[in-house]
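Asker: I am sharing input.tsv, which consists of TSV, C-alpha atoms:
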chain	number	residue	atom	x	y	z
A	1	MET	CA	0.00	0.00	0.00
A	2	ALA	CA	1.45	3.36	-1.03
A	3	GLN	CA	2.34	5.60	1.85
A	4	ALA	CA	0.92	9.10	1.79
A	5	ALA	CA	3.46	11.77	0.95
A	6	PHE	CA	4.65	13.75	3.93
A	7	ALA	CA	3.06	17.20	4.06
A	8	PRO	CA	4.73	19.66	6.41
A	9	GLU	CA	2.47	21.47	8.79
A	10	PRO	CA	1.84	25.08	7.79
A	11	THR	CA	3.84	27.65	9.68
A	12	PRO	CA	1.63	29.17	12.36
A	13	GLN	CA	0.86	32.80	11.80
A	14	PRO	CA	0.05	35.12	14.70
A	15	THR	CA	-3.53	36.32	14.93
A	16	GLU	CA	-2.45	39.72	16.19
A	17	PRO	CA	0.66	41.88	15.59
A	18	SER	CA	3.75	40.06	16.84
A	19	PHE	CA	7.49	40.11	16.22
A	20	ASP	CA	7.18	36.34	15.63
A	21	VAL	CA	6.17	37.26	12.08
A	22	LEU	CA	9.82	38.12	11.38
A	23	ARG	CA	10.59	34.38	11.55
A	24	TRP	CA	8.11	33.17	8.95
A	25	HIS	CA	7.48	36.05	6.56
A	26	ASP	CA	10.01	35.51	3.76
A	27	GLU	CA	8.60	37.89	1.15
A	28	PRO	CA	9.86	41.48	0.69
A	29	TRP	CA	8.54	43.79	3.38
A	30	THR	CA	6.63	47.00	2.74
A	31	ALA	CA	5.71	49.85	5.03
A	32	GLN	CA	2.07	48.74	5.09
A	33	LEU	CA	2.98	45.13	5.94
A	34	ALA	CA	5.10	46.33	8.86
A	35	LEU	CA	2.31	48.57	10.14
A	36	ASP	CA	-0.22	45.73	9.80
A	37	LEU	CA	1.82	42.78	11.10
A	38	LEU	CA	4.31	44.15	13.63
A	39	PRO	CA	3.32	45.41	17.08
A	40	GLU	CA	3.65	49.01	18.16
A	41	THR	CA	6.68	49.47	20.37
A	42	ASN	CA	8.31	52.07	22.57
A	43	GLY	CA	11.52	50.09	22.32
A	44	PRO	CA	13.72	49.72	19.25
A	45	LYS	CA	12.93	51.48	15.98
A	46	VAL	CA	11.45	49.15	13.37
A	47	GLU	CA	11.84	50.53	9.85
A	48	VAL	CA	11.54	49.13	6.32
A	49	LEU	CA	14.04	49.88	3.58
A	50	SER	CA	14.23	48.23	0.16
A	51	GLY	CA	12.10	45.28	1.27
A	52	SER	CA	13.99	44.55	4.50
A	53	VAL	CA	13.03	45.18	8.12
A	54	ILE	CA	15.66	47.16	10.04
A	55	VAL	CA	15.57	47.02	13.85
A	56	THR	CA	17.64	49.62	15.68
A	57	PRO	CA	18.06	49.82	19.49
A	58	HIS	CA	17.81	53.14	21.27
A	59	ALA	CA	20.89	55.32	20.99
A	60	GLY	CA	22.82	56.66	23.99
A	61	ILE	CA	21.40	58.96	26.63
A	62	ASP	CA	22.89	62.11	25.05
A	63	HIS	CA	20.83	61.30	21.97
A	64	GLN	CA	17.71	60.92	24.12
A	65	SER	CA	18.41	64.24	25.86
A	66	VAL	CA	18.44	66.08	22.55
A	67	GLU	CA	15.36	64.18	21.37
A	68	ARG	CA	13.58	65.31	24.52
A	69	GLU	CA	14.52	68.99	24.29
A	70	LEU	CA	14.74	69.86	20.59
A	71	PRO	CA	11.32	68.66	19.31
A	72	TYR	CA	9.66	70.49	22.21
A	73	LEU	CA	11.42	73.77	21.39
A	74	LEU	CA	10.87	73.33	17.65
A	75	HIS	CA	7.17	72.56	18.12
A	76	ARG	CA	6.54	75.78	20.02
A	77	ALA	CA	8.10	77.78	17.18
A	78	ALA	CA	6.51	75.71	14.41
A	79	ARG	CA	2.96	76.13	15.65
A	80	ARG	CA	3.22	79.87	15.02
A	81	ALA	CA	3.77	78.97	11.36
A	82	GLY	CA	0.93	76.44	11.28
A	83	LEU	CA	3.24	73.40	11.39
A	84	TRP	CA	3.53	70.42	13.76
A	85	VAL	CA	6.66	68.76	15.17
A	86	TYR	CA	6.93	65.16	16.38
A	87	PRO	CA	9.79	62.91	17.55
A	88	GLU	CA	10.10	59.39	16.07
A	89	ILE	CA	6.88	59.01	14.07
A	90	ASN	CA	6.14	56.45	11.33
A	91	LEU	CA	6.68	58.02	7.90
A	92	VAL	CA	5.62	56.06	4.82
A	93	SER	CA	7.64	56.67	1.66
A	94	GLY	CA	6.29	54.38	-1.04
A	95	LYS	CA	7.07	50.86	0.23
A	96	ASP	CA	9.61	52.14	2.77
A	97	LEU	CA	8.94	53.02	6.40
A	98	PHE	CA	11.16	55.59	8.09
A	99	ILE	CA	11.22	56.75	11.71
A	100	PRO	CA	13.21	60.01	11.72
A	101	ASP	CA	14.30	61.46	15.04
A	102	ILE	CA	12.39	64.68	14.27
A	103	ALA	CA	9.60	65.39	11.79
A	104	VAL	CA	8.03	68.75	10.96
A	105	LEU	CA	4.67	68.25	9.25
A	106	ARG	CA	2.20	70.39	7.33
A	107	MET	CA	-0.66	68.66	9.15
A	108	SER	CA	-1.41	67.30	12.59
A	109	GLY	CA	-0.65	63.63	13.08
A	110	GLY	CA	-3.31	63.31	15.74
A	111	GLY	CA	-5.12	59.95	15.70
A	112	ARG	CA	-2.89	58.45	13.00
A	113	ALA	CA	-0.44	55.53	13.16
A	114	ALA	CA	1.62	56.82	10.22
A	115	ILE	CA	1.97	59.82	7.92
A	116	ASP	CA	2.93	60.00	4.25
A	117	ILE	CA	6.35	61.53	3.75
A	118	GLY	CA	4.78	64.05	1.38
A	119	GLN	CA	3.46	65.86	4.47
A	120	ALA	CA	6.98	66.41	5.83
A	121	VAL	CA	8.45	69.91	5.55
A	122	LEU	CA	11.61	69.07	7.49
A	123	LEU	CA	13.11	65.83	8.76
A	124	GLY	CA	15.90	65.68	11.31
A	125	GLU	CA	18.40	63.09	12.51
A	126	ILE	CA	20.49	63.13	15.66
A	127	VAL	CA	23.77	61.51	14.69
A	128	SER	CA	24.58	58.38	16.69
A	129	ALA	CA	28.08	56.96	16.82
A	130	GLY	CA	26.85	53.52	15.80
A	131	ASN	CA	24.77	54.82	12.87
A	132	ARG	CA	26.88	57.68	11.61
A	133	ARG	CA	26.74	56.72	7.94
A	134	LYS	CA	22.97	56.30	8.09
A	135	ASP	CA	22.37	59.66	9.75
A	136	VAL	CA	24.91	61.68	7.74
A	137	ILE	CA	24.72	60.09	4.27
A	138	ASP	CA	22.00	57.50	3.75
A	139	ARG	CA	18.94	59.13	5.31
A	140	PRO	CA	19.52	62.61	3.84
A	141	ARG	CA	19.83	60.98	0.42
A	142	GLU	CA	16.58	59.07	0.90
A	143	TYR	CA	14.72	62.12	2.23
A	144	ALA	CA	15.99	64.21	-0.67
A	145	ALA	CA	14.80	61.57	-3.14
A	146	ALA	CA	11.35	61.78	-1.51
A	147	GLY	CA	11.34	65.56	-2.00
A	148	VAL	CA	11.44	66.66	1.66
A	149	PRO	CA	12.29	70.40	1.47
A	150	PHE	CA	14.57	70.65	4.53
A	151	PHE	CA	16.90	68.36	6.49
A	152	LEU	CA	18.24	69.09	10.00
A	153	ARG	CA	21.25	67.30	11.44
A	154	VAL	CA	22.37	67.36	15.07
A	155	ASP	CA	25.86	66.02	15.73
A	156	LEU	CA	27.01	65.13	19.24
A	157	ARG	CA	30.62	64.25	18.49
A	158	ASN	CA	32.77	64.58	21.64
A	159	ARG	CA	29.69	65.88	23.50
A	160	VAL	CA	29.91	69.22	21.67
A	161	PRO	CA	26.46	69.57	20.06
A	162	ALA	CA	26.36	71.11	16.59
A	163	MET	CA	23.37	71.74	14.34
A	164	ALA	CA	23.16	72.19	10.57
A	165	LEU	CA	20.17	72.96	8.36
A	166	TYR	CA	20.06	71.95	4.69
A	167	GLU	CA	17.61	72.97	1.95
A	168	LEU	CA	16.68	70.80	-1.01
A	169	THR	CA	18.03	72.40	-4.19
A	170	GLU	CA	18.05	70.62	-7.56
A	171	GLY	CA	17.59	67.25	-5.86
A	172	GLU	CA	20.36	67.66	-3.25
A	173	TYR	CA	20.57	69.20	0.20
A	174	ARG	CA	22.63	72.38	0.36
A	175	PRO	CA	23.78	73.90	3.69
A	176	VAL	CA	21.82	76.94	4.87
A	177	SER	CA	22.79	77.47	8.50
A	178	ALA	CA	25.05	75.87	11.11
A	179	ALA	CA	26.32	76.47	14.64
A	180	ALA	CA	28.06	74.59	17.44
A	181	ALA	CA	27.69	74.79	21.21
A	182	GLY	CA	28.37	78.29	22.50
A	183	ALA	CA	27.00	79.97	19.37
A	184	THR	CA	23.42	80.51	18.22
A	185	PHE	CA	21.90	78.32	15.56
A	186	VAL	CA	19.40	80.39	13.55
A	187	MET	CA	17.00	79.31	10.83
A	188	ARG	CA	14.43	81.36	8.93
A	189	GLN	CA	12.79	78.58	6.92
A	190	PRO	CA	10.56	76.61	7.14
A	191	PHE	CA	9.90	78.75	10.24
A	192	GLU	CA	11.91	81.05	12.47
A	193	PHE	CA	13.83	79.31	15.23
A	194	SER	CA	17.03	79.83	17.19
A	195	VAL	CA	18.86	77.96	19.94
A	196	ASP	CA	22.33	77.49	21.38
A	197	PRO	CA	23.00	73.77	20.74
A	198	ALA	CA	24.65	73.58	24.18
A	199	GLU	CA	21.18	73.92	25.74
A	200	LEU	CA	20.10	70.58	24.28
A	201	LEU	CA	22.52	68.36	26.19
A	202	ASP	CA	22.31	67.39	29.85
A	203	GLU	CA	25.28	68.00	32.09
A	204	GLU	CA	27.62	65.04	32.31
A	205	ALA	CA	27.34	63.22	35.60
A	206	PRO	CA	30.29	63.86	37.94
A	207	ALA	CA	32.83	61.08	38.17
A	208	GLU	CA	32.31	58.71	41.07
A	209	ASP	CA	34.64	59.20	44.02
A	210	PRO	CA	36.87	56.09	44.24
A	211	ASP	CA	36.42	56.26	48.02
A	212	GLY	CA	32.69	56.11	47.62
A	213	GLU	CA	32.12	59.65	48.90
A	214	GLY	CA	30.99	61.32	45.62
Give the structure from the file, written as C-alpha cells.
Answerer:
Amino acid sequence: MAQAAFAPEPTPQPTEPSFDVLRWHDEPWTAQLALDLLPETNGPKVEVLSGSVIVTPHAGIDHQSVERELPYLLHRAARRAGLWVYPEINLVSGKDLFIPDIAVLRMSGGGRAAIDIGQAVLLGEIVSAGNRRKDVIDRPREYAAAGVPFFLRVDLRNRVPAMALYELTEGEYRPVSAAAAGATFVMRQPFEFSVDPAELLDEEAPAEDPDGEG
C-alpha cells in the first residue's frame, strides 16, 4: 500500500501583531505590511528599507536628551507657522517606512499611526556613533529623493552639540545654517527658530569618588 506523501504542517501565523512574524514572513517587506503585522513598540525602531526590516536599538542617553529637548522647542516655534513637530513618528515613503528622530509636518498627526512623507516639511536626525553613515549620508539621500524640502542634522561628536540645516536644491541638500555649542543656531525657513545647541545636552554626571564619597 502506497504511503501518503509527507506534508509539512503550515507555519503558524500570529492572529495579532507580533514580532514572531519576522521568523516566517520571507517575502519582501513593505511599510504597510510592517504597520499591519508588527506590534507598536516604545523600544527599538522598526523601519523598512528596500524590502527589509531594520531594527535599531535606542541610541545613547545624550541622543535621548536632545530628542527630549529639541522637538519640544521646535514645536513651540513651528505652531506659530501652522506646522507640527513630532519625535520618532512612522513616515511612509512608497514601500519604505522611516522613523526620523524629528519630523516637521504640514498637518497634525493626531489619531494616525503613520503619515505619508509628502506631508513632511523638514526631517531631522540626531547623529549616533553607531549609525553615523545612516544619519549623515543615507537618510539625507533618501529624504531628498522623496522631495522633503529641509533636512536638519544634530551632531554630538565629543559631546559638543552642533546643528546644521540643509535645503533641497536641484535634488540635493545644500547647507543653509550651522552652529556649534556656545554659538546661536538660527534658521528662517521653514519657520523662524534659534537655539544654542549647548542647551540641548544634559550635564555630564560627575565622576564617582573612588572612596565612595561622591
Asker: Looking at A:Asp96, A:Glu142, A:Asp135, A:Glu167, which one is nearest to Ile54 in chain A, with distances taken over all atoms listed in the file?
Answerer: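 Checking each candidate against Ile54 in chain A, we get A:Asp96 as the closest.
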Asker: Using only C-alpha atoms, determine which residues lie at most 7 Å from Val121 in chain A, disregarding the query and same-chain residues fewer than 4 positions distant; provide the list as a PDB file with C-alpha atoms, keeping the file's coordinate frame.
Answerer:
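What follows is the written file part-v1.pdb:
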ATOM      1  CA  VAL A 104       8.030  68.750  10.960  1.00  0.00           C
ATOM      2  CA  LEU A 105       4.670  68.250   9.250  1.00  0.00           C
ATOM      3  CA  ARG A 106       2.200  70.390   7.330  1.00  0.00           C
ATOM      4  CA  VAL A 148      11.440  66.660   1.660  1.00  0.00           C
ATOM      5  CA  PRO A 149      12.290  70.400   1.470  1.00  0.00           C
ATOM      6  CA  PHE A 150      14.570  70.650   4.530  1.00  0.00           C
TER       7      PHE A 150
END
Asker: When you look at range 76-80 of chain A with a cut-off of 12 Å (counting all atoms listed in the file), what residues show up, excluding the ones that are within fewer than 4 positions of it in the same chain? I need them as an NGL selection string.
Answerer: :A and (69-72 or 84-86 or 103-108 or 121-122 or 187-195)
Asker: Need the shell around Val66 in chain A: protein/DNA/RNA residues with any atom at most 10 Å away, counting only C-alpha atoms. Skip same-chain ones fewer than 3 positions apart. Format as a list in words?
Answerer: Ile61, Asp62, His63, Glu69, Leu70, Pro71, Tyr72, Asp101, Ile126, Val154, Leu156, Pro161, Pro197, Ala198, Glu199, Leu200, Leu201 and Asp202 of chain A
Asker: Which residue gives the smallest distance to Gln64 in chain A among A:Ile102, A:Leu123, A:Leu165, A:Val48, with all atoms listed in the file counted?
Answerer: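 Checking each candidate against Gln64 in chain A, we get A:Ile102 as the closest.
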Asker: Select, from A:Ala129, A:Leu152, A:Arg23, A:Asp36, the residue with the minimum atom-to-atom distance to Val186 in chain A, counting only C-alpha atoms.
Answerer: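 So, comparing all the options, the nearest one is A:Leu152.
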Asker: Report, in Å to a single decimal, how far apart CA of Arg133 in chain A and CA of Thr184 in chain A are.
Answerer: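 Spanning CA of Thr184 in chain A to CA of Arg133 in chain A is a straight-line distance of 26.1 Å.
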Asker: Would you work out the distance separating CA of Asp116 in chain A from CA of Leu83 in chain A, expressed in Å to one decimal?
Answerer: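 Spanning CA of Asp116 in chain A to CA of Leu83 in chain A is a straight-line distance of 15.2 Å.
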Asker: Padding 3 Å on every side, please: axis-aligned box over the listed atoms of range 144-159 of chain A, centre and edge lengths to one decimal in Å, as AutoDock Vina command-line options.
Answerer:
--center_x 22.1 --center_y 66.1 --center_z 10.2 --size_x 27.4 --size_y 15.1 --size_z 32.6
Asker: Counting only C-alpha atoms, find the residues whose atoms lie at most 12 Å from (19.7, 51.9, 22.1) (file coordinates) and write them out as a list in words.
Answerer: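 Here the neighbourhood of the point contains Asn42, Gly43, Pro44, Lys45, Val55, Thr56, Pro57, His58, Ala59, Gly60, Ile61, Asp62, His63, Gln64, Ser128, Ala129, Gly130 and Asn131 of chain A.
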Asker: From (-1.2, 45.0, 10.6), in the file's coordinates, out to 12 Å: which residues are reached, counting only C-alpha atoms? Answer as a list in words.
Answerer: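 I get Pro14, Thr15, Glu16, Pro17, Ser18, Phe19, Val21, Thr30, Ala31, Gln32, Leu33, Ala34, Leu35, Asp36, Leu37, Leu38, Pro39, Glu40 and Ala113 of chain A for the residues within 12 Å of that point.
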Asker: CA of Ser50 in chain A and CA of Leu97 in chain A are how many Å apart?
Answerer: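 It comes out at 9.5 Å.
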Asker: Nearest to Arg153 in chain A among A:Arg112, A:Lys95, A:Arg139, A:His25, with distances taken over only C-alpha atoms: which residue is it?
Answerer: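 Using only C-alpha atoms, Arg153 in chain A sits closest to A:Arg139.
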Asker: For Asp196 in chain A, which residue out of A:Met163, A:Ala114, A:His75, A:Thr169 is the nearest one, using all atoms listed in the file?
Answerer: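 Among A:Met163, A:Ala114, A:His75, A:Thr169, it is A:Met163 that comes nearest to Asp196 in chain A.
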Asker: Have a look at A:Glu204, A:Arg68, A:Val46, A:Glu125 and name the one nearest to Asn90 in chain A; count all atoms listed in the file.
Answerer: A:Val46
